[in-house]
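Coordinates from work.cif are shown below (mmCIF, C-alpha atoms).
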data_input
loop_
_atom_site.group_PDB
_atom_site.id
_atom_site.type_symbol
_atom_site.label_atom_id
_atom_site.label_comp_id
_atom_site.auth_asym_id
_atom_site.auth_seq_id
_atom_site.Cartn_x
_atom_site.Cartn_y
_atom_site.Cartn_z
ATOM 1 C CA MET A 1 139.923 36.391 77.346
ATOM 2 C CA THR A 2 138.661 39.645 78.826
ATOM 3 C CA ASP A 3 136.852 39.783 82.163
ATOM 4 C CA ALA A 4 133.611 40.665 80.361
ATOM 5 C CA LEU A 5 133.645 37.274 78.644
ATOM 6 C CA LYS A 6 134.409 35.109 81.661
ATOM 7 C CA PHE A 7 131.714 32.633 82.595
ATOM 8 C CA ASN A 8 129.600 32.733 85.693
ATOM 9 C CA GLN A 9 130.464 29.697 87.783
ATOM 10 C CA ASP A 10 126.747 28.966 88.203
ATOM 11 C CA LEU A 11 126.006 28.842 84.468
ATOM 12 C CA ASP A 12 123.985 25.684 83.759
ATOM 13 C CA LEU A 13 125.151 23.273 81.077
ATOM 14 C CA LEU A 14 122.606 22.630 78.339
ATOM 15 C CA ASP A 15 124.534 19.855 76.622
ATOM 16 C CA ARG A 16 127.987 18.322 76.262
ATOM 17 C CA GLY A 17 129.544 16.388 73.364
ATOM 18 C CA GLU A 18 132.828 15.609 71.652
ATOM 19 C CA ALA A 19 132.238 18.371 69.086
ATOM 20 C CA ALA A 20 129.927 21.381 69.024
ATOM 21 C CA VAL A 21 129.050 23.308 65.874
ATOM 22 C CA LEU A 22 127.704 26.783 66.548
ATOM 23 C CA GLY A 23 125.630 28.020 63.626
ATOM 24 C CA GLY A 24 123.215 25.868 61.645
ATOM 25 C CA GLY A 25 123.531 27.355 58.194
ATOM 26 C CA LEU A 26 124.793 25.251 55.302
ATOM 27 C CA ALA A 27 128.413 25.492 56.490
ATOM 28 C CA GLY A 28 127.447 24.465 60.017
ATOM 29 C CA LEU A 29 125.302 21.622 58.740
ATOM 30 C CA THR A 30 128.037 20.162 56.530
ATOM 31 C CA ALA A 31 130.589 20.557 59.338
ATOM 32 C CA ALA A 32 128.285 18.722 61.753
ATOM 33 C CA LEU A 33 127.565 15.959 59.233
ATOM 34 C CA THR A 34 131.291 15.523 58.555
ATOM 35 C CA LEU A 35 131.938 15.026 62.265
ATOM 36 C CA ALA A 36 128.886 12.905 63.066
ATOM 37 C CA GLU A 37 129.391 10.562 60.124
ATOM 38 C CA ALA A 38 132.934 9.947 61.386
ATOM 39 C CA GLY A 39 131.453 8.671 64.644
ATOM 40 C CA ILE A 40 131.876 11.868 66.677
ATOM 41 C CA GLU A 41 129.206 12.832 69.210
ATOM 42 C CA THR A 42 128.116 16.144 67.729
ATOM 43 C CA LEU A 43 125.998 19.062 68.907
ATOM 44 C CA LEU A 44 124.545 21.641 66.517
ATOM 45 C CA VAL A 45 123.327 24.977 67.889
ATOM 46 C CA GLU A 46 121.281 27.414 65.790
ATOM 47 C CA GLU A 47 119.837 30.787 66.804
ATOM 48 C CA ARG A 48 116.991 30.600 64.277
ATOM 49 C CA GLY A 49 114.324 27.960 63.876
ATOM 50 C CA ALA A 50 115.672 26.461 60.648
ATOM 51 C CA LEU A 51 118.806 24.669 59.517
ATOM 52 C CA GLY A 52 120.441 25.618 56.248
ATOM 53 C CA TRP A 53 118.751 28.991 56.817
ATOM 54 C CA GLU A 54 120.409 30.696 53.837
ATOM 55 C CA VAL A 55 117.868 29.103 51.506
ATOM 56 C CA PRO A 56 114.506 29.515 53.332
ATOM 57 C CA HIS A 57 115.416 32.564 55.455
ATOM 58 C CA GLY A 58 117.820 34.296 53.091
ATOM 59 C CA LEU A 59 116.168 33.024 49.885
ATOM 60 C CA GLU A 60 119.493 32.039 48.380
ATOM 61 C CA LEU A 61 117.730 29.714 45.944
ATOM 62 C CA TYR A 62 120.362 29.223 43.254
ATOM 63 C CA LEU A 63 123.638 27.379 42.946
ATOM 64 C CA ALA A 64 126.391 29.561 41.539
ATOM 65 C CA SER A 65 127.011 28.752 37.883
ATOM 66 C CA GLY A 66 130.425 27.435 36.956
ATOM 67 C CA GLN A 67 131.385 26.407 40.492
ATOM 68 C CA PRO A 68 131.951 22.767 41.475
ATOM 69 C CA VAL A 69 129.413 21.213 43.833
ATOM 70 C CA PRO A 70 131.081 19.591 46.875
ATOM 71 C CA GLY A 71 130.047 16.035 47.676
ATOM 72 C CA ALA A 72 128.188 17.088 50.821
ATOM 73 C CA LEU A 73 126.031 19.496 48.848
ATOM 74 C CA GLN A 74 125.659 17.079 45.939
ATOM 75 C CA ARG A 75 123.984 14.620 48.302
ATOM 76 C CA ILE A 76 121.453 17.314 49.204
ATOM 77 C CA VAL A 77 120.913 18.223 45.558
ATOM 78 C CA ASP A 78 120.374 14.559 44.632
ATOM 79 C CA ALA A 79 117.804 14.114 47.410
ATOM 80 C CA LEU A 80 115.954 17.259 46.330
ATOM 81 C CA THR A 81 116.007 16.146 42.689
ATOM 82 C CA GLU A 82 114.274 12.909 43.669
ATOM 83 C CA ARG A 83 111.532 15.030 45.261
ATOM 84 C CA ASN A 84 111.210 17.302 42.219
ATOM 85 C CA ALA A 85 112.541 20.144 44.380
ATOM 86 C CA PHE A 86 115.678 20.984 42.373
ATOM 87 C CA ARG A 87 115.912 21.884 38.712
ATOM 88 C CA ASP A 88 118.427 23.816 36.592
ATOM 89 C CA GLY A 89 120.356 25.000 39.633
ATOM 90 C CA THR A 90 117.212 26.201 41.451
ATOM 91 C CA LEU A 91 116.203 25.010 44.931
ATOM 92 C CA ASP A 92 112.806 24.641 46.621
ATOM 93 C CA PRO A 93 113.160 26.354 50.039
ATOM 94 C CA VAL A 94 110.416 24.331 51.771
ATOM 95 C CA ALA A 95 111.754 20.953 50.653
ATOM 96 C CA TRP A 96 115.260 22.133 51.539
ATOM 97 C CA GLU A 97 114.275 22.957 55.115
ATOM 98 C CA LEU A 98 112.556 19.607 55.606
ATOM 99 C CA LEU A 99 115.562 17.746 54.219
ATOM 100 C CA MET A 100 117.951 19.533 56.608
ATOM 101 C CA ASP A 101 115.987 18.164 59.566
ATOM 102 C CA GLU A 102 116.005 14.666 58.091
ATOM 103 C CA LEU A 103 119.771 14.727 57.590
ATOM 104 C CA VAL A 104 120.629 15.688 61.169
ATOM 105 C CA GLN A 105 118.183 13.152 62.553
ATOM 106 C CA ALA A 106 119.700 10.380 60.432
ATOM 107 C CA ALA A 107 123.205 11.370 61.567
ATOM 108 C CA LYS A 108 122.068 11.450 65.224
ATOM 109 C CA ILE A 109 123.210 15.041 65.659
ATOM 110 C CA ARG A 110 121.727 16.720 68.731
ATOM 111 C CA VAL A 111 120.231 20.023 67.600
ATOM 112 C CA HIS A 112 119.376 23.016 69.788
ATOM 113 C CA PHE A 113 117.263 25.708 68.118
ATOM 114 C CA ARG A 114 116.621 29.280 69.273
ATOM 115 C CA ALA A 115 119.974 29.399 71.073
ATOM 116 C CA LEU A 116 122.269 32.344 70.320
ATOM 117 C CA ALA A 117 125.946 31.501 70.727
ATOM 118 C CA GLY A 118 127.893 34.327 72.339
ATOM 119 C CA ALA A 119 131.065 34.251 74.405
ATOM 120 C CA CYS A 120 133.488 31.385 73.939
ATOM 121 C CA ASP A 121 135.984 29.955 76.432
ATOM 122 C CA ALA A 122 137.992 27.848 74.010
ATOM 123 C CA ASP A 123 140.375 26.554 76.709
ATOM 124 C CA ARG A 124 137.486 24.767 78.416
ATOM 125 C CA GLY A 125 135.449 24.212 75.249
ATOM 126 C CA LEU A 126 132.560 26.257 76.650
ATOM 127 C CA VAL A 127 130.150 28.451 74.714
ATOM 128 C CA ARG A 128 127.666 30.732 76.412
ATOM 129 C CA LEU A 129 124.173 30.632 74.901
ATOM 130 C CA THR A 130 121.245 32.999 75.182
ATOM 131 C CA THR A 131 118.037 30.966 75.205
ATOM 132 C CA LYS A 132 114.385 31.389 76.144
ATOM 133 C CA SER A 133 115.255 29.590 79.369
ATOM 134 C CA GLY A 134 117.967 32.106 80.181
ATOM 135 C CA PRO A 135 121.758 31.900 79.852
ATOM 136 C CA LEU A 136 123.071 28.362 79.393
ATOM 137 C CA ALA A 137 126.222 26.774 77.985
ATOM 138 C CA VAL A 138 127.350 23.892 75.816
ATOM 139 C CA GLN A 139 130.706 22.202 76.144
ATOM 140 C CA ALA A 140 132.804 20.112 73.748
ATOM 141 C CA ASN A 141 136.388 19.084 73.121
ATOM 142 C CA VAL A 142 136.444 20.974 69.835
ATOM 143 C CA LEU A 143 134.286 23.866 68.596
ATOM 144 C CA VAL A 144 133.315 24.930 65.083
ATOM 145 C CA ASP A 145 132.243 28.553 64.711
ATOM 146 C CA ALA A 146 129.793 28.576 61.806
ATOM 147 C CA THR A 147 128.103 31.826 62.784
ATOM 148 C CA GLU A 148 127.732 34.372 60.000
ATOM 149 C CA ASN A 149 129.974 36.941 61.715
ATOM 150 C CA ALA A 150 132.497 34.574 63.394
ATOM 151 C CA ARG A 151 131.127 35.579 66.790
ATOM 152 C CA LEU A 152 132.916 32.854 68.765
ATOM 153 C CA ALA A 153 136.270 33.443 67.119
ATOM 154 C CA ARG A 154 136.043 37.132 67.980
ATOM 155 C CA SER A 155 135.269 36.419 71.620
ATOM 156 C CA ALA A 156 138.205 33.985 71.757
ATOM 157 C CA GLY A 157 140.602 36.716 70.588
ATOM 158 C CA ALA A 158 141.032 35.828 66.902
ATOM 159 C CA LYS A 159 142.314 38.596 64.636
ATOM 160 C CA PHE A 160 140.716 39.918 61.458
ATOM 161 C CA GLN A 161 141.934 42.039 58.548
ATOM 162 C CA GLY A 162 139.956 44.739 56.775
ATOM 163 C CA THR A 163 136.596 46.262 57.564
ATOM 164 C CA ALA A 164 133.014 45.337 56.803
ATOM 165 C CA GLY A 165 131.532 46.891 53.682
ATOM 166 C CA LYS A 166 128.248 48.778 53.612
ATOM 167 C CA ALA A 167 126.734 46.851 50.710
ATOM 168 C CA VAL A 168 124.293 44.036 51.446
ATOM 169 C CA SER A 169 122.228 41.788 49.210
ATOM 170 C CA ARG A 170 118.544 41.138 49.901
ATOM 171 C CA ALA A 171 115.976 39.014 48.080
ATOM 172 C CA PHE A 172 112.220 38.658 47.872
ATOM 173 C CA MET A 173 109.688 36.741 45.820
ATOM 174 C CA VAL A 174 106.709 38.014 43.848
ATOM 175 C CA CYS A 175 103.729 36.046 42.527
ATOM 176 C CA ALA A 176 101.054 36.689 39.871
ATOM 177 C CA VAL A 177 103.799 37.407 37.335
ATOM 178 C CA GLU A 178 105.185 36.050 34.091
ATOM 179 C CA PRO A 179 108.728 35.185 35.172
ATOM 180 C CA PRO A 180 111.588 35.465 32.687
ATOM 181 C CA ALA A 181 112.943 32.268 31.156
ATOM 182 C CA ALA A 182 116.451 33.209 32.347
ATOM 183 C CA PRO A 183 117.920 35.734 34.801
ATOM 184 C CA GLU A 184 117.399 39.355 33.764
ATOM 185 C CA SER A 185 119.040 42.451 35.178
ATOM 186 C CA PHE A 186 116.937 45.513 35.863
ATOM 187 C CA GLU A 187 117.798 49.134 36.596
ATOM 188 C CA ILE A 188 116.060 50.828 39.522
ATOM 189 C CA GLU A 189 117.269 54.160 40.815
ATOM 190 C CA GLY A 190 118.907 53.870 44.222
ATOM 191 C CA LEU A 191 119.448 50.107 43.973
ATOM 192 C CA ARG A 192 122.325 48.138 42.517
ATOM 193 C CA GLU A 193 122.499 44.789 40.759
ATOM 194 C CA VAL A 194 118.754 44.165 40.592
ATOM 195 C CA LEU A 195 118.245 40.670 39.224
ATOM 196 C CA VAL A 196 114.932 38.981 38.332
ATOM 197 C CA ARG A 197 115.062 35.187 38.086
ATOM 198 C CA PRO A 198 112.627 32.324 37.495
ATOM 199 C CA THR A 199 111.867 29.879 40.309
ATOM 200 C CA LEU A 200 110.380 26.386 40.265
ATOM 201 C CA TRP A 201 106.859 27.826 40.054
ATOM 202 C CA LYS A 202 105.123 29.116 36.915
ATOM 203 C CA SER A 203 103.771 32.409 38.238
ATOM 204 C CA GLU A 204 106.512 33.331 40.710
ATOM 205 C CA ALA A 205 109.864 35.069 40.374
ATOM 206 C CA GLN A 206 112.674 35.980 42.714
ATOM 207 C CA VAL A 207 114.102 39.479 42.817
ATOM 208 C CA SER A 208 117.457 40.191 44.439
ATOM 209 C CA PHE A 209 119.255 43.495 44.764
ATOM 210 C CA VAL A 210 122.257 45.145 46.369
ATOM 211 C CA VAL A 211 121.861 48.238 48.509
ATOM 212 C CA ASP A 212 124.189 50.265 50.723
ATOM 213 C CA SER A 213 123.243 50.287 54.396
ATOM 214 C CA ALA A 214 124.871 53.386 55.859
ATOM 215 C CA SER A 215 123.398 52.888 59.327
ATOM 216 C CA ALA A 216 123.016 49.537 61.089
ATOM 217 C CA ASP A 217 120.114 50.924 63.111
ATOM 218 C CA ARG A 218 118.204 51.885 59.973
ATOM 219 C CA ALA A 219 119.283 49.030 57.712
ATOM 220 C CA GLU A 220 116.134 46.924 58.082
ATOM 221 C CA SER A 221 113.703 49.774 57.426
ATOM 222 C CA GLU A 222 115.823 50.994 54.489
ATOM 223 C CA GLN A 223 115.833 47.524 52.948
ATOM 224 C CA ARG A 224 112.077 47.138 53.337
ATOM 225 C CA PHE A 225 111.615 50.483 51.629
ATOM 226 C CA ALA A 226 113.884 49.262 48.833
ATOM 227 C CA ILE A 227 111.740 46.123 48.411
ATOM 228 C CA ALA A 228 108.571 48.217 48.088
ATOM 229 C CA LYS A 229 110.336 50.493 45.612
ATOM 230 C CA ALA A 230 111.463 47.526 43.525
ATOM 231 C CA VAL A 231 107.977 45.987 43.412
ATOM 232 C CA GLU A 232 106.479 49.299 42.326
ATOM 233 C CA ALA A 233 109.071 49.729 39.585
ATOM 234 C CA LEU A 234 108.594 46.183 38.294
ATOM 235 C CA ARG A 235 104.824 46.603 38.133
ATOM 236 C CA ALA A 236 105.153 49.793 36.129
ATOM 237 C CA ARG A 237 108.003 48.907 33.797
ATOM 238 C CA LYS A 238 108.374 45.157 33.317
ATOM 239 C CA PRO A 239 105.903 43.293 31.038
ATOM 240 C CA GLY A 240 104.064 40.523 32.859
ATOM 241 C CA PHE A 241 104.606 42.135 36.284
ATOM 242 C CA ASP A 242 101.687 44.601 36.321
ATOM 243 C CA LYS A 243 99.793 42.471 38.868
ATOM 244 C CA ALA A 244 102.862 41.427 40.864
ATOM 245 C CA ASN A 245 102.226 40.779 44.543
ATOM 246 C CA LEU A 246 104.847 40.379 47.233
ATOM 247 C CA ALA A 247 104.855 36.675 48.142
ATOM 248 C CA LEU A 248 107.776 36.325 50.546
ATOM 249 C CA THR A 249 110.746 38.376 51.714
ATOM 250 C CA ALA A 250 114.031 37.021 53.001
ATOM 251 C CA HIS A 251 114.437 37.249 56.765
ATOM 252 C CA GLU A 252 118.139 37.928 56.352
ATOM 253 C CA ALA A 253 120.373 40.221 54.333
ATOM 254 C CA PHE A 254 123.882 39.118 53.365
ATOM 255 C CA ALA A 255 126.916 41.355 53.806
ATOM 256 C CA LEU A 256 128.953 41.327 50.597
ATOM 257 C CA GLN A 257 132.246 42.114 52.319
ATOM 258 C CA VAL A 258 133.379 41.223 55.861
ATOM 259 C CA PRO A 259 136.694 41.383 57.760
ATOM 260 C CA ARG A 260 138.835 38.383 56.873
ATOM 261 C CA LEU A 261 139.958 35.976 59.568
ATOM 262 C CA GLU A 262 143.651 35.504 60.296
ATOM 263 C CA ALA A 263 143.620 31.718 60.609
ATOM 264 C CA ALA A 264 146.891 31.623 62.543
ATOM 265 C CA SER A 265 145.273 33.601 65.377
ATOM 266 C CA LEU A 266 142.632 30.924 66.079
ATOM 267 C CA HIS A 267 142.682 28.926 69.288
ATOM 268 C CA GLU A 268 143.714 25.307 68.741
ATOM 269 C CA ASN A 269 140.297 24.033 69.905
ATOM 270 C CA LEU A 270 138.356 26.282 67.531
ATOM 271 C CA ARG A 271 137.666 26.101 63.807
ATOM 272 C CA VAL A 272 135.723 28.584 61.652
ATOM 273 C CA ALA A 273 133.372 28.045 58.701
ATOM 274 C CA GLY A 274 131.718 31.086 57.192
ATOM 275 C CA PRO A 275 132.148 34.361 55.290
ATOM 276 C CA SER A 276 135.079 35.550 57.430
ATOM 277 C CA VAL A 277 137.263 32.773 56.002
ATOM 278 C CA LEU A 278 136.913 34.367 52.549
ATOM 279 C CA GLY A 279 136.281 37.984 53.564
ATOM 280 C CA ARG A 280 133.128 38.087 51.446
ATOM 281 C CA LYS A 281 129.737 36.509 50.901
ATOM 282 C CA PRO A 282 130.189 32.851 49.880
ATOM 283 C CA SER A 283 128.078 31.007 47.345
ATOM 284 C CA LEU A 284 126.140 27.960 48.501
ATOM 285 C CA GLN A 285 128.838 25.713 47.057
ATOM 286 C CA GLU A 286 131.514 27.632 48.936
ATOM 287 C CA ARG A 287 129.556 27.447 52.189
ATOM 288 C CA ALA A 288 129.301 23.680 51.882
ATOM 289 C CA ARG A 289 133.023 23.411 51.159
ATOM 290 C CA LEU A 290 133.945 25.632 54.114
ATOM 291 C CA GLY A 291 131.811 23.467 56.391
ATOM 292 C CA VAL A 292 133.419 20.228 55.245
ATOM 293 C CA GLU A 293 136.890 21.734 55.637
ATOM 294 C CA ALA A 294 136.133 22.994 59.156
ATOM 295 C CA GLY A 295 134.562 19.677 60.146
ATOM 296 C CA THR A 296 137.565 17.759 58.799
ATOM 297 C CA ALA A 297 139.982 20.042 60.653
ATOM 298 C CA ALA A 298 137.991 19.607 63.873
ATOM 299 C CA LEU A 299 138.086 15.837 63.407
ATOM 300 C CA GLU A 300 141.874 15.960 62.990
ATOM 301 C CA ARG A 301 142.161 18.027 66.161
ATOM 302 C CA LEU A 302 140.184 15.416 68.087
ATOM 303 C CA LYS A 303 142.352 12.602 66.744
ATOM 304 C CA ALA A 304 145.528 14.501 67.645
ATOM 305 C CA ALA A 305 144.280 15.075 71.187
ATOM 306 C CA VAL A 306 143.570 11.367 71.626
ATOM 307 C CA ALA A 307 147.008 10.462 70.276
ATOM 308 C CA LYS A 308 148.832 12.604 72.865
#
For the file at hand, write its structure as structure tokens.
Amino acid sequence: MTDALKFNQDLDLLDRGEAAVLGGGLAGLTAALTLAEAGIETLLVEERGALGWEVPHGLELYLASGQPVPGALQRIVDALTERNAFRDGTLDPVAWELLMDELVQAAKIRVHFRALAGACDADRGLVRLTTKSGPLAVQANVLVDATENARLARSAGAKFQGTAGKAVSRAFMVCAVEPPAAPESFEIEGLREVLVRPTLWKSEAQVSFVVDSASADRAESEQRFAIAKAVEALRARKPGFDKANLALTAHEAFALQVPRLEAASLHENLRVAGPSVLGRKPSLQERARLGVEAGTAALERLKAAVAK
């Protein structure tokens, strides 16, 4: 570990457990549930204010067709179905977010929101956090890096192959429309893979698109311009969208291609669940599977340590 990543000896400890999962997206949630339901004292740290953020914050509202649904995700789908919040592969983002909180409470997982995981000292099981209260740390015997960009693994010296692509996907929702009965592709100059899909609501549709972000500094403004451009085009050219109003935009964009993790380079106390395992944007089913796999591997590491 480089000098820049060494911890200040006076860094206060926010929490300590047997396992700590850093990143509260779907992969992090399923990893934490896998550990907690096996009787492991588990911490879950999330930089945003929502768990399973891909759905409410990224508006990833649809299960990928033709892909198996892991048991951990099937439990979520079943619970949402009982609440009339899942139909034909489509998720309700509000009900989803509420259910995430219920699941971690039932599993007695200790959750810390608004805490950005940064540097990782895997030898000591320490992770530095940036919080509203200043720099703090969490400590555990095993760590699961479920951040979107494998931030902990990078700080612990893991190696990656390839480079990040420029293409990102972004989604938004429009209301006062006549949504299509099934997904429809749409051509808009300057955007790629524009897809209009029905949601669970009669007069609302989701629009997703792919755009190249040449500059990280300008990516957000470029994407917002692309959203406005898409709404304007839909109003003018798509029947039933002439009165379309922007209802909600995703907080997050998803990178379609990321450097792929070299698993052999990981520290023995660290596991990873996220896009870097695949080198690309995962589907919701894949995220759930990656989380279960990372949680299971972390559990095996804990058992092996006890057996020594």
Closest atom pairs, stretch 222-297 of chain A residues within 10 Å of stretch 171-192 of chain A, only C-alpha atoms, as JSON lines:
{"residue": "A:Gln223", "atom": "CA", "partner": "A:Ala171", "partner_atom": "CA", "distance": 9.8}
{"residue": "A:Ala226", "atom": "CA", "partner": "A:Leu191", "partner_atom": "CA", "distance": 7.4}
{"residue": "A:Ile227", "atom": "CA", "partner": "A:Phe172", "partner_atom": "CA", "distance": 7.5}
{"residue": "A:Lys229", "atom": "CA", "partner": "A:Ile188", "partner_atom": "CA", "distance": 8.4}
{"residue": "A:Ala230", "atom": "CA", "partner": "A:Ile188", "partner_atom": "CA", "distance": 6.9}
{"residue": "A:Val231", "atom": "CA", "partner": "A:Val174", "partner_atom": "CA", "distance": 8.1}
{"residue": "A:Ala233", "atom": "CA", "partner": "A:Ile188", "partner_atom": "CA", "distance": 7.1}
{"residue": "A:Leu234", "atom": "CA", "partner": "A:Phe186", "partner_atom": "CA", "distance": 8.7}
{"residue": "A:Arg235", "atom": "CA", "partner": "A:Val177", "partner_atom": "CA", "distance": 9.3}
{"residue": "A:Arg237", "atom": "CA", "partner": "A:Phe186", "partner_atom": "CA", "distance": 9.8}
{"residue": "A:Lys238", "atom": "CA", "partner": "A:Phe186", "partner_atom": "CA", "distance": 8.9}
{"residue": "A:Pro239", "atom": "CA", "partner": "A:Glu178", "partner_atom": "CA", "distance": 7.9}
{"residue": "A:Gly240", "atom": "CA", "partner": "A:Glu178", "partner_atom": "CA", "distance": 4.8}
{"residue": "A:Phe241", "atom": "CA", "partner": "A:Val177", "partner_atom": "CA", "distance": 4.9}
{"residue": "A:Asp242", "atom": "CA", "partner": "A:Val177", "partner_atom": "CA", "distance": 7.6}
{"residue": "A:Lys243", "atom": "CA", "partner": "A:Ala176", "partner_atom": "CA", "distance": 6.0}
{"residue": "A:Ala244", "atom": "CA", "partner": "A:Ala176", "partner_atom": "CA", "distance": 5.2}
{"residue": "A:Asn245", "atom": "CA", "partner": "A:Val174", "partner_atom": "CA", "distance": 5.3}
{"residue": "A:Leu246", "atom": "CA", "partner": "A:Val174", "partner_atom": "CA", "distance": 4.5}
{"residue": "A:Ala247", "atom": "CA", "partner": "A:Val174", "partner_atom": "CA", "distance": 4.9}
{"residue": "A:Leu248", "atom": "CA", "partner": "A:Met173", "partner_atom": "CA", "distance": 5.1}
{"residue": "A:Thr249", "atom": "CA", "partner": "A:Phe172", "partner_atom": "CA", "distance": 4.1}
{"residue": "A:Ala250", "atom": "CA", "partner": "A:Ala171", "partner_atom": "CA", "distance": 5.7}
{"residue": "A:His251", "atom": "CA", "partner": "A:Ala171", "partner_atom": "CA", "distance": 9.0}
{"residue": "A:Glu252", "atom": "CA", "partner": "A:Ala171", "partner_atom": "CA", "distance": 8.6}
{"residue": "A:Ala253", "atom": "CA", "partner": "A:Ala171", "partner_atom": "CA", "distance": 7.7}
{"residue": "A:Phe254", "atom": "CA", "partner": "A:Ala171", "partner_atom": "CA", "distance": 9.5}
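Our summary of the geometry notes that atom CA of A:Val104 is positioned 12.4 Å from atom CA of A:Gly25.
Minimum atom-to-atom distances from A:Leu13, A:Ala236, A:Leu299, A:Ala36 to A:Arg271 were compared using all atoms listed in the file, and the lowest value belongs to A:Leu299.
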Would you kindly return, as a PyMOL selection string, each protein, DNA or RNA residue with an atom no farther than 6 Å from any atom of stretch 288-293 of chain A, considering all atoms listed in the file and excluding same-chain residues fewer than 2 positions away? chain A and resi 26-28+30-31+273+285-286+295-296
Long-range neighbours of A:Asp145 as a count of residues only, 12 Å cut-off, all atoms listed in the file, 3 positions minimum in chain: 50
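Counting from atom CA of A:Gly134, the distance to atom CA of A:Leu11 is 9.7 Å.
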Return as JSON the centre and edge lengths, in Å with one decimal, of the box along x, y and z that encloses every atom of stretch 189-194 of chain A in the file, padded by 3 Å per side.
{"center_x": 119.9, "center_y": 49.2, "center_z": 42.4, "size_x": 11.2, "size_y": 16.0, "size_z": 9.6}
Extract, using only C-alpha atoms, all DNA, RNA and protein residues at most 6 Å from stretch 82-93 of chain A, discarding same-chain residues fewer than 3 positions from it, and format them as a ChimeraX atom specification. /A:55-56,61-63,79,96
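Interatomic distance, atom CA of A:Leu99 against atom CA of A:Ala50: 10.8 Å.
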Just the residues within 9 Å of A:Arg48, please, counting all atoms listed in the file, with nothing from its chain fewer than 4 positions along; format it as a PyMOL selection string. chain A and resi 24+53+113-116
Between A:Leu103, A:Leu14, A:Arg224, A:Ile40, which residue has the minimum interatomic distance to A:Arg128, considering only C-alpha atoms? A:Leu14
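Compared by their closest atoms to A:Lys159, and using all atoms listed in the file, the residues A:Val111, A:Leu302, A:Ala297, A:Ala263 rank with A:Ala263 nearest.
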